[in-house]
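Undergrad: I'd like to ask some things about the structure below.
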Amino acid sequence: MSSPDHSSTDRSGVSTRSVHAGAAPESHTGSVVAPIFQTSTFEMDVPGQTRAGFDYARTGTPNRTDLEEVLCALEGAEYAAAVNSGTSAEVAVFSALLGPGDEIIIPRDVYGGTYRLLKNEYERWGVVIRTVDLTDTEALAAAITDRTAIVWAETPSNPGLDVIDIVETARIAHAHNALLAVDSTFATPYLQRPIELGADLVIHSTTKFINGHSDVIGGAVLAGAGRTCSRAAEVIDRLTSHFASVGLGISPFDAWLTRRGIKTLPVRMAAHCANAQAVAEWLEARPEIAEVHYPGLPSHPGHEIAKAQMSGFGGVVSFSTDTEERALKLVQSTELITLAESLGGVESLIDHPATMTHLAVADCELSVSGRFIRLSVGIEDIADILADLDAALAKTNAFAASGEEAAGRSQAAQAAPVPALQIV
């Protein structure tokens, strides 16, 4: 966990930083690609004096430092910690920065695993969880108190793609000496940099778009300079102390894979955004679709805010079908698009949150409708993606028609007179 020196790339463009920050040629051999330092410990020449700042792999590795350096460079952060999952990133923030009696405000639309973690683990510590519609800054201003330690925002959110005004939310939080933590997984630093907009912390599941290839699990916590309020001044020290005590760091191989994935982040995100925009517009024209959620659509309530704080609208489109039966049939009828949890890979993935990723919130105020579908749009040819969706919707129409026919036959059978039993 480190505050990497990325001064050589501070003034470079985002694509240049994605390729070069934390990716200098290896000094011993000159290898253009850094090796994987698959080791548990590091030799010292003098007791207590390390050669390059590494002593034991639980506390840090060269591959982890490389990843942290590029993340800092992309986010404009002062501090980064690359950890072994997105959930571990949340655990670090909650464990290091919350205590008994503290309040955390979460949005109405939040990843089910975040709610489960807070409810199952931190509420029993005495942490108070409060849900507020963070798209309504007046509602936040009315709800926040001096006991609020963290305002936790997702923007765009998972799975509903709510957009939260980071600047105004930060202002309200800091006026009450509360931290603003932004889960920016859907946006990535290519599209949105919350610290530059006033956030104190940025959280990523690097499993998703940042790595981008569905072959690694990872997460990251990033922090700003700590000048927004008095509570923020303690953030980096508390996180540093916490990470020194626990083994949450990402493995060398996973860090290496994630750093490799970041080299193509800008070109991948541009393709994700273009395809997602086309899918969202296509879905809006379909009669089977009741509602489409995508920040790039003028119909989205947060469209203007997204335009102001993002450079693109992301690779996830969510939508509701006219019936739950159609939603369940649709997610099982695609062929190119894979039915699976997670998102952000180069391949398109489709998810039914109510029975998959958000099952943990099924019985509470954060529950997701069974008509709701989340689509992570990949970088395949857009004509192929749309053809797959079209064919899948056609199957749902045939399914609906067969169901109506069967229902008609059942009603006719019930209405027909029952013949008398004949004994032969």
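For the structure tokens, the naming scheme is as follows: chains receive sequential letters (A, B, ...) according to their order of presentation, residues are indexed from 1 within each chain, and ligands are indexed from 1 in presentation order.
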Tell me, as a ChimeraX atom specification, which residues lie within 7 Å of Ile350 of chain A, counting only C-alpha atoms; anything in the same chain fewer than 5 positions away does not count.
TA: /A:331,337-340,374-376
Undergrad: Could you pull the residues within 12 Å of Ala24 of chain A, counting only C-alpha atoms, minus those fewer than 4 positions along the same chain, as a list of chain:residue names?
TA: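 After dropping sequence-adjacent residues, the list is A:His6, A:Ser8, A:Thr9, A:Arg17, A:Val19, A:His20, A:His28, A:Thr29, A:Gly30, A:Ser31, A:Val32, A:Val33, A:Ala34, A:Pro35, A:Pro62, A:Asn63, A:Thr65, A:Asp66, A:Leu67, A:Glu69, A:Val70, A:Arg259.
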Undergrad: With distances taken over only C-alpha atoms, which residue among A:His303, A:His213, A:Lys395, A:Lys119 lies nearest Asp254 of chain A?
TA: A:His213
Undergrad: Rank nothing, just name the residue among A:Gly219, A:Gly212, A:Gly296, A:Pro194 nearest to Glu347 of chain A, using only C-alpha atoms.
TA: A:Gly212
Undergrad: Show which residues sit within 9 Å of Leu98 of chain A, as a JSON list (two decimals) with C-alpha atoms, in the first residue's frame. Count only C-alpha atoms, and ignore same-chain residues fewer than 3 positions away.
TA:
[["chain", "number", "residue", "atom", "x", "y", "z"],
["A", 93, "VAL", "CA", -12.79, 1.41, 4.27],
["A", 94, "PHE", "CA", -15.46, 0.31, 6.73],
["A", 95, "SER", "CA", -13.02, -1.28, 9.20],
["A", 101, "GLY", "CA", -22.16, 4.63, 16.90],
["A", 102, "ASP", "CA", -21.00, 6.00, 13.55],
["A", 103, "GLU", "CA", -23.54, 6.37, 10.78],
["A", 104, "ILE", "CA", -23.01, 5.46, 7.17],
["A", 122, "TYR", "CA", -20.86, -3.87, 10.67],
["A", 127, "VAL", "CA", -22.57, 0.98, 12.95],
["A", 149, "ALA", "CA", -18.96, 9.35, 9.26],
["A", 150, "ILE", "CA", -19.26, 8.26, 5.62]]
Undergrad: So that I can check the surroundings of Glu90 of chain A, please list as an NGL selection string every protein, DNA and RNA residue that reaches within 9 Å of it, counting only C-alpha atoms and ignoring chain neighbours fewer than 6 positions away.
TA: :A and (114 or 117 or 203 or 219-221)
Undergrad: For Pro295 of chain A, which residue among A:Val163, A:Leu359, A:Leu197, A:Ala383 is the nearest when counting only C-alpha atoms?
TA: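 Of all the options, A:Val163 lies closest to Pro295 of chain A.
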Undergrad: Just list as a VMD selection string whatever in segment 121-319 of chain A DSSP marks as helix (DSSP H, G or I).
TA: chain A and resid 121 to 125 137 to 143 166 to 175 188 to 191 194 to 197 231 to 245 252 to 262 265 to 284 303 to 309
